[in-house]
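The structure appears right after this line, and notes come after that.
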Amino acid sequence: MSANKERNDAYWKATLRLLTPILIVWAVVSYGFGIIWKPALDNIKLGGYPLGFWIAHQGAIYLYVVLIFFYAWRMKKIDREHDVDED
C-alpha cells in the first residue's frame, strides 16, 4: 500500500471518528427528545413551555449550531494533523 493511500485512509478514519458521535447526538436530540420522549418531557416546564415542545422547536436548533462550530473546529485540527489544511 502506498504512503499516500495510508495517509488518506488515516484522514478518513479520523473524520469518521468525529462524525459518528456528532450524528449520534443529532439523532438522539432530533428523534429521541423531539419525538419519542416528547410526551414524557412535556411534564417538565421551561420558561412556561413544555420541555418536549421547547426542545423540538428551539433547543435542538441551538444544539445544531453548537455541533456545527464544534465540527468546524475539530475538522480544522484534523486537517492540520494530516497536513491537508488550507493555511
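Simple scheme: letters A, B, ... for chains in C-alpha cells order, numbers from 1 for residues in each chain, numbers from 1 for ligands in the order shown.
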So that I can check the surroundings of range 25-32 of chain A, please list as an MDAnalysis selection string every protein, DNA and RNA residue that reaches within 12 Å of it, counting only C-alpha atoms and ignoring chain neighbours fewer than 2 positions away.
chainID A and resid 18:23 34:41 52:68
Saved selection, atoms kept: N, CA, C and O atoms, as a compact mmCIF listing (two decimals), in the first residue's frame:
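Saved to selection_26.txt:
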```
# COMPACT_ATOMS: atom_id res chain seq x y z
N LEU A 18 -14.88 11.55 14.15
CA LEU A 18 -15.51 12.81 14.54
C LEU A 18 -17.00 12.81 14.19
O LEU A 18 -17.84 13.21 15.00
N LEU A 19 -17.33 12.36 13.00
CA LEU A 19 -18.72 12.42 12.54
C LEU A 19 -19.66 11.47 13.28
O LEU A 19 -20.82 11.81 13.51
N THR A 20 -19.18 10.31 13.65
CA THR A 20 -20.04 9.32 14.29
C THR A 20 -20.70 9.83 15.56
O THR A 20 -21.93 9.80 15.67
N PRO A 21 -19.95 10.35 16.54
CA PRO A 21 -20.63 10.85 17.74
C PRO A 21 -21.51 12.08 17.47
O PRO A 21 -22.55 12.24 18.10
N ILE A 22 -21.10 12.92 16.53
CA ILE A 22 -21.92 14.09 16.20
C ILE A 22 -23.26 13.65 15.64
O ILE A 22 -24.31 14.18 16.02
N LEU A 23 -23.26 12.67 14.76
CA LEU A 23 -24.52 12.18 14.20
C LEU A 23 -25.37 11.45 15.23
O LEU A 23 -26.61 11.52 15.19
N GLY A 34 -37.02 15.09 20.67
CA GLY A 34 -38.02 15.83 19.91
C GLY A 34 -39.26 15.04 19.56
O GLY A 34 -40.33 15.63 19.37
N ILE A 35 -39.17 13.71 19.49
CA ILE A 35 -40.33 12.91 19.06
C ILE A 35 -40.66 11.80 20.07
O ILE A 35 -41.76 11.76 20.61
N ILE A 36 -39.71 10.90 20.31
CA ILE A 36 -40.00 9.71 21.11
C ILE A 36 -40.30 10.06 22.56
O ILE A 36 -41.30 9.61 23.13
N TRP A 37 -39.42 10.86 23.20
CA TRP A 37 -39.59 11.17 24.62
C TRP A 37 -40.33 12.49 24.85
O TRP A 37 -40.44 12.94 25.99
N LYS A 38 -40.82 13.12 23.78
CA LYS A 38 -41.51 14.40 23.91
C LYS A 38 -42.68 14.34 24.89
O LYS A 38 -42.79 15.22 25.76
N PRO A 39 -43.57 13.35 24.81
CA PRO A 39 -44.69 13.33 25.77
C PRO A 39 -44.24 13.29 27.23
O PRO A 39 -44.82 13.96 28.08
N ALA A 40 -43.19 12.53 27.52
CA ALA A 40 -42.69 12.47 28.90
C ALA A 40 -42.05 13.79 29.31
O ALA A 40 -42.20 14.23 30.44
N LEU A 41 -41.32 14.42 28.38
CA LEU A 41 -40.65 15.68 28.68
C LEU A 41 -41.63 16.84 28.83
O LEU A 41 -41.32 17.85 29.45
N GLY A 52 -40.53 19.19 26.20
CA GLY A 52 -40.50 18.46 24.93
C GLY A 52 -40.78 19.37 23.74
O GLY A 52 -40.12 19.29 22.71
N PHE A 53 -41.76 20.24 23.89
CA PHE A 53 -42.07 21.21 22.84
C PHE A 53 -40.89 22.14 22.62
O PHE A 53 -40.50 22.43 21.49
N TRP A 54 -40.30 22.65 23.72
CA TRP A 54 -39.19 23.59 23.62
C TRP A 54 -38.00 22.95 22.92
O TRP A 54 -37.38 23.57 22.05
N ILE A 55 -37.66 21.72 23.29
CA ILE A 55 -36.52 21.04 22.65
C ILE A 55 -36.79 20.85 21.17
O ILE A 55 -35.93 21.11 20.33
N ALA A 56 -37.99 20.40 20.83
CA ALA A 56 -38.32 20.13 19.43
C ALA A 56 -38.30 21.40 18.58
O ALA A 56 -37.98 21.35 17.39
N HIS A 57 -38.63 22.54 19.17
CA HIS A 57 -38.77 23.75 18.38
C HIS A 57 -37.68 24.79 18.58
O HIS A 57 -37.51 25.65 17.72
N GLN A 58 -36.95 24.75 19.67
CA GLN A 58 -35.91 25.73 19.91
C GLN A 58 -34.59 25.10 20.32
O GLN A 58 -33.55 25.39 19.73
N GLY A 59 -34.64 24.26 21.33
CA GLY A 59 -33.42 23.70 21.90
C GLY A 59 -32.57 22.93 20.91
O GLY A 59 -31.34 23.01 20.90
N ALA A 60 -33.22 22.18 20.03
CA ALA A 60 -32.48 21.40 19.04
C ALA A 60 -31.71 22.32 18.09
O ALA A 60 -30.58 22.01 17.71
N ILE A 61 -32.30 23.44 17.74
CA ILE A 61 -31.62 24.37 16.84
C ILE A 61 -30.34 24.90 17.49
O ILE A 61 -29.29 24.99 16.83
N TYR A 62 -30.41 25.25 18.77
CA TYR A 62 -29.21 25.72 19.47
C TYR A 62 -28.13 24.64 19.47
O TYR A 62 -26.96 24.92 19.26
N LEU A 63 -28.54 23.42 19.72
CA LEU A 63 -27.57 22.32 19.73
C LEU A 63 -26.95 22.13 18.35
O LEU A 63 -25.75 21.90 18.24
N TYR A 64 -27.74 22.24 17.29
CA TYR A 64 -27.21 22.07 15.94
C TYR A 64 -26.15 23.12 15.63
O TYR A 64 -25.13 22.82 15.01
N VAL A 65 -26.38 24.35 16.07
CA VAL A 65 -25.39 25.41 15.85
C VAL A 65 -24.10 25.09 16.60
O VAL A 65 -23.00 25.23 16.06
N VAL A 66 -24.23 24.62 17.83
CA VAL A 66 -23.05 24.23 18.61
C VAL A 66 -22.32 23.08 17.91
O VAL A 66 -21.09 23.09 17.81
N LEU A 67 -23.06 22.10 17.40
CA LEU A 67 -22.44 20.97 16.70
C LEU A 67 -21.70 21.44 15.45
O LEU A 67 -20.62 20.92 15.13
N ILE A 68 -22.25 22.41 14.74
CA ILE A 68 -21.60 22.92 13.53
C ILE A 68 -20.25 23.56 13.88
O ILE A 68 -19.23 23.30 13.24
```
Enumerate the residues of chain A with a DSSP assignment of helix (DSSP H, G or I), computed from the backbone, and present them as JSON, numbers by chain.
{"A": [3, 4, 5, 6, 7, 8, 9, 10, 11, 12, 13, 14, 15, 16, 17, 18, 19, 20, 21, 22, 23, 24, 25, 26, 27, 28, 29, 30, 31, 32, 33, 34, 35, 36, 38, 39, 40, 41, 51, 52, 53, 54, 55, 56, 57, 58, 59, 60, 61, 62, 63, 64, 65, 66, 67, 68, 69, 70, 71, 72, 73, 74, 75, 76, 77, 78, 79, 80, 81]}
Would you export the selected residues with C-alpha atoms as a compact mmCIF listing (two decimals), in the first residue's frame, please?
```
# COMPACT_ATOMS: atom_id res chain seq x y z
CA ALA A 3 2.13 6.04 1.73
CA ASN A 4 -0.39 8.39 0.12
CA LYS A 5 -3.18 5.79 0.40
CA GLU A 6 -2.29 5.18 4.06
CA ARG A 7 -2.45 8.92 4.79
CA ASN A 8 -5.79 9.18 3.02
CA ASP A 9 -7.16 6.22 4.98
CA ALA A 10 -5.94 7.70 8.29
CA TYR A 11 -7.55 11.04 7.43
CA TRP A 12 -10.85 9.37 6.54
CA LYS A 13 -10.82 7.31 9.75
CA ALA A 14 -10.21 10.45 11.83
CA THR A 15 -13.06 12.19 10.04
CA LEU A 16 -15.42 9.27 10.69
CA ARG A 17 -14.38 9.19 14.37
CA LEU A 18 -15.51 12.81 14.54
CA LEU A 19 -18.72 12.42 12.54
CA THR A 20 -20.04 9.32 14.29
CA PRO A 21 -20.63 10.85 17.74
CA ILE A 22 -21.92 14.09 16.20
CA LEU A 23 -24.52 12.18 14.20
CA ILE A 24 -25.48 10.13 17.24
CA VAL A 25 -26.07 13.31 19.27
CA TRP A 26 -28.07 14.78 16.37
CA ALA A 27 -30.25 11.65 16.12
CA VAL A 28 -30.86 11.38 19.86
CA VAL A 29 -31.86 15.03 20.12
CA SER A 30 -33.94 15.08 16.93
CA TYR A 31 -35.74 11.77 17.24
CA GLY A 32 -35.33 10.94 20.90
CA PHE A 33 -36.02 14.20 22.70
CA GLY A 34 -38.02 15.83 19.91
CA ILE A 35 -40.33 12.91 19.06
CA ILE A 36 -40.00 9.71 21.11
CA LYS A 38 -41.51 14.40 23.91
CA PRO A 39 -44.69 13.33 25.77
CA ALA A 40 -42.69 12.47 28.90
CA LEU A 41 -40.65 15.68 28.68
CA LEU A 51 -39.79 20.92 27.75
CA GLY A 52 -40.50 18.46 24.93
CA PHE A 53 -42.07 21.21 22.84
CA TRP A 54 -39.19 23.59 23.62
CA ILE A 55 -36.52 21.04 22.65
CA ALA A 56 -38.32 20.13 19.43
CA HIS A 57 -38.77 23.75 18.38
CA GLN A 58 -35.91 25.73 19.91
CA GLY A 59 -33.42 23.70 21.90
CA ALA A 60 -32.48 21.40 19.04
CA ILE A 61 -31.62 24.37 16.84
CA TYR A 62 -29.21 25.72 19.47
CA LEU A 63 -27.57 22.32 19.73
CA TYR A 64 -27.21 22.07 15.94
CA VAL A 65 -25.39 25.41 15.85
CA VAL A 66 -23.05 24.23 18.61
CA LEU A 67 -22.44 20.97 16.70
CA ILE A 68 -21.60 22.92 13.53
CA PHE A 69 -19.00 25.05 15.33
CA PHE A 70 -17.57 22.01 17.12
CA TYR A 71 -17.33 20.11 13.81
CA ALA A 72 -15.56 23.03 12.09
CA TRP A 73 -13.12 23.44 15.00
CA ARG A 74 -12.26 19.72 15.14
CA MET A 75 -12.01 19.32 11.35
CA LYS A 76 -9.55 22.19 11.22
CA LYS A 77 -7.46 20.39 13.82
CA ILE A 78 -7.72 17.07 11.93
CA ASP A 79 -6.78 18.82 8.67
CA ARG A 80 -3.65 20.22 10.31
CA GLU A 81 -2.72 16.84 11.82
```
Identify, with DSSP run on backbone atoms, the residues in chain A assigned to strand (DSSP E), and express the list as a JSON list (two decimals) with all heavy atoms, in the first residue's frame.
```
[["chain", "number", "residue", "atom", "x", "y", "z"],
["A", 45, "LYS", "N", -41.68, 21.90, 32.74],
["A", 45, "LYS", "CA", -41.86, 23.22, 32.12],
["A", 45, "LYS", "C", -40.52, 23.97, 32.07],
["A", 45, "LYS", "O", -39.72, 23.91, 33.00],
["A", 45, "LYS", "CB", -42.87, 24.07, 32.91],
["A", 45, "LYS", "CG", -44.23, 23.43, 33.04],
["A", 45, "LYS", "CD", -44.95, 23.44, 31.73],
["A", 45, "LYS", "CE", -46.36, 22.88, 31.93],
["A", 45, "LYS", "NZ", -46.95, 22.40, 30.73],
["A", 46, "LEU", "N", -40.29, 24.66, 30.96],
["A", 46, "LEU", "CA", -39.10, 25.51, 30.79],
["A", 46, "LEU", "C", -39.58, 26.85, 30.27],
["A", 46, "LEU", "O", -40.06, 26.95, 29.14],
["A", 46, "LEU", "CB", -38.11, 24.88, 29.81],
["A", 46, "LEU", "CG", -36.84, 25.67, 29.53],
["A", 46, "LEU", "CD1", -35.99, 25.78, 30.80],
["A", 46, "LEU", "CD2", -36.03, 25.04, 28.43],
["A", 49, "TYR", "N", -43.17, 26.82, 29.07],
["A", 49, "TYR", "CA", -43.50, 25.92, 27.95],
["A", 49, "TYR", "C", -43.10, 24.50, 28.29],
["A", 49, "TYR", "O", -42.12, 24.26, 28.99],
["A", 49, "TYR", "CB", -42.76, 26.35, 26.68],
["A", 49, "TYR", "CG", -43.19, 27.70, 26.18],
["A", 49, "TYR", "CD1", -42.43, 28.83, 26.47],
["A", 49, "TYR", "CD2", -44.34, 27.85, 25.44],
["A", 49, "TYR", "CE1", -42.81, 30.08, 26.03],
["A", 49, "TYR", "CE2", -44.74, 29.10, 24.98],
["A", 49, "TYR", "CZ", -43.98, 30.21, 25.28],
["A", 49, "TYR", "OH", -44.37, 31.44, 24.85],
["A", 50, "PRO", "N", -43.81, 23.51, 27.77],
["A", 50, "PRO", "CA", -43.41, 22.11, 27.99],
["A", 50, "PRO", "C", -42.01, 21.86, 27.41],
["A", 50, "PRO", "O", -41.69, 22.32, 26.31],
["A", 50, "PRO", "CB", -44.46, 21.31, 27.24],
["A", 50, "PRO", "CG", -45.61, 22.23, 27.02],
["A", 50, "PRO", "CD", -45.04, 23.62, 26.99]]
```
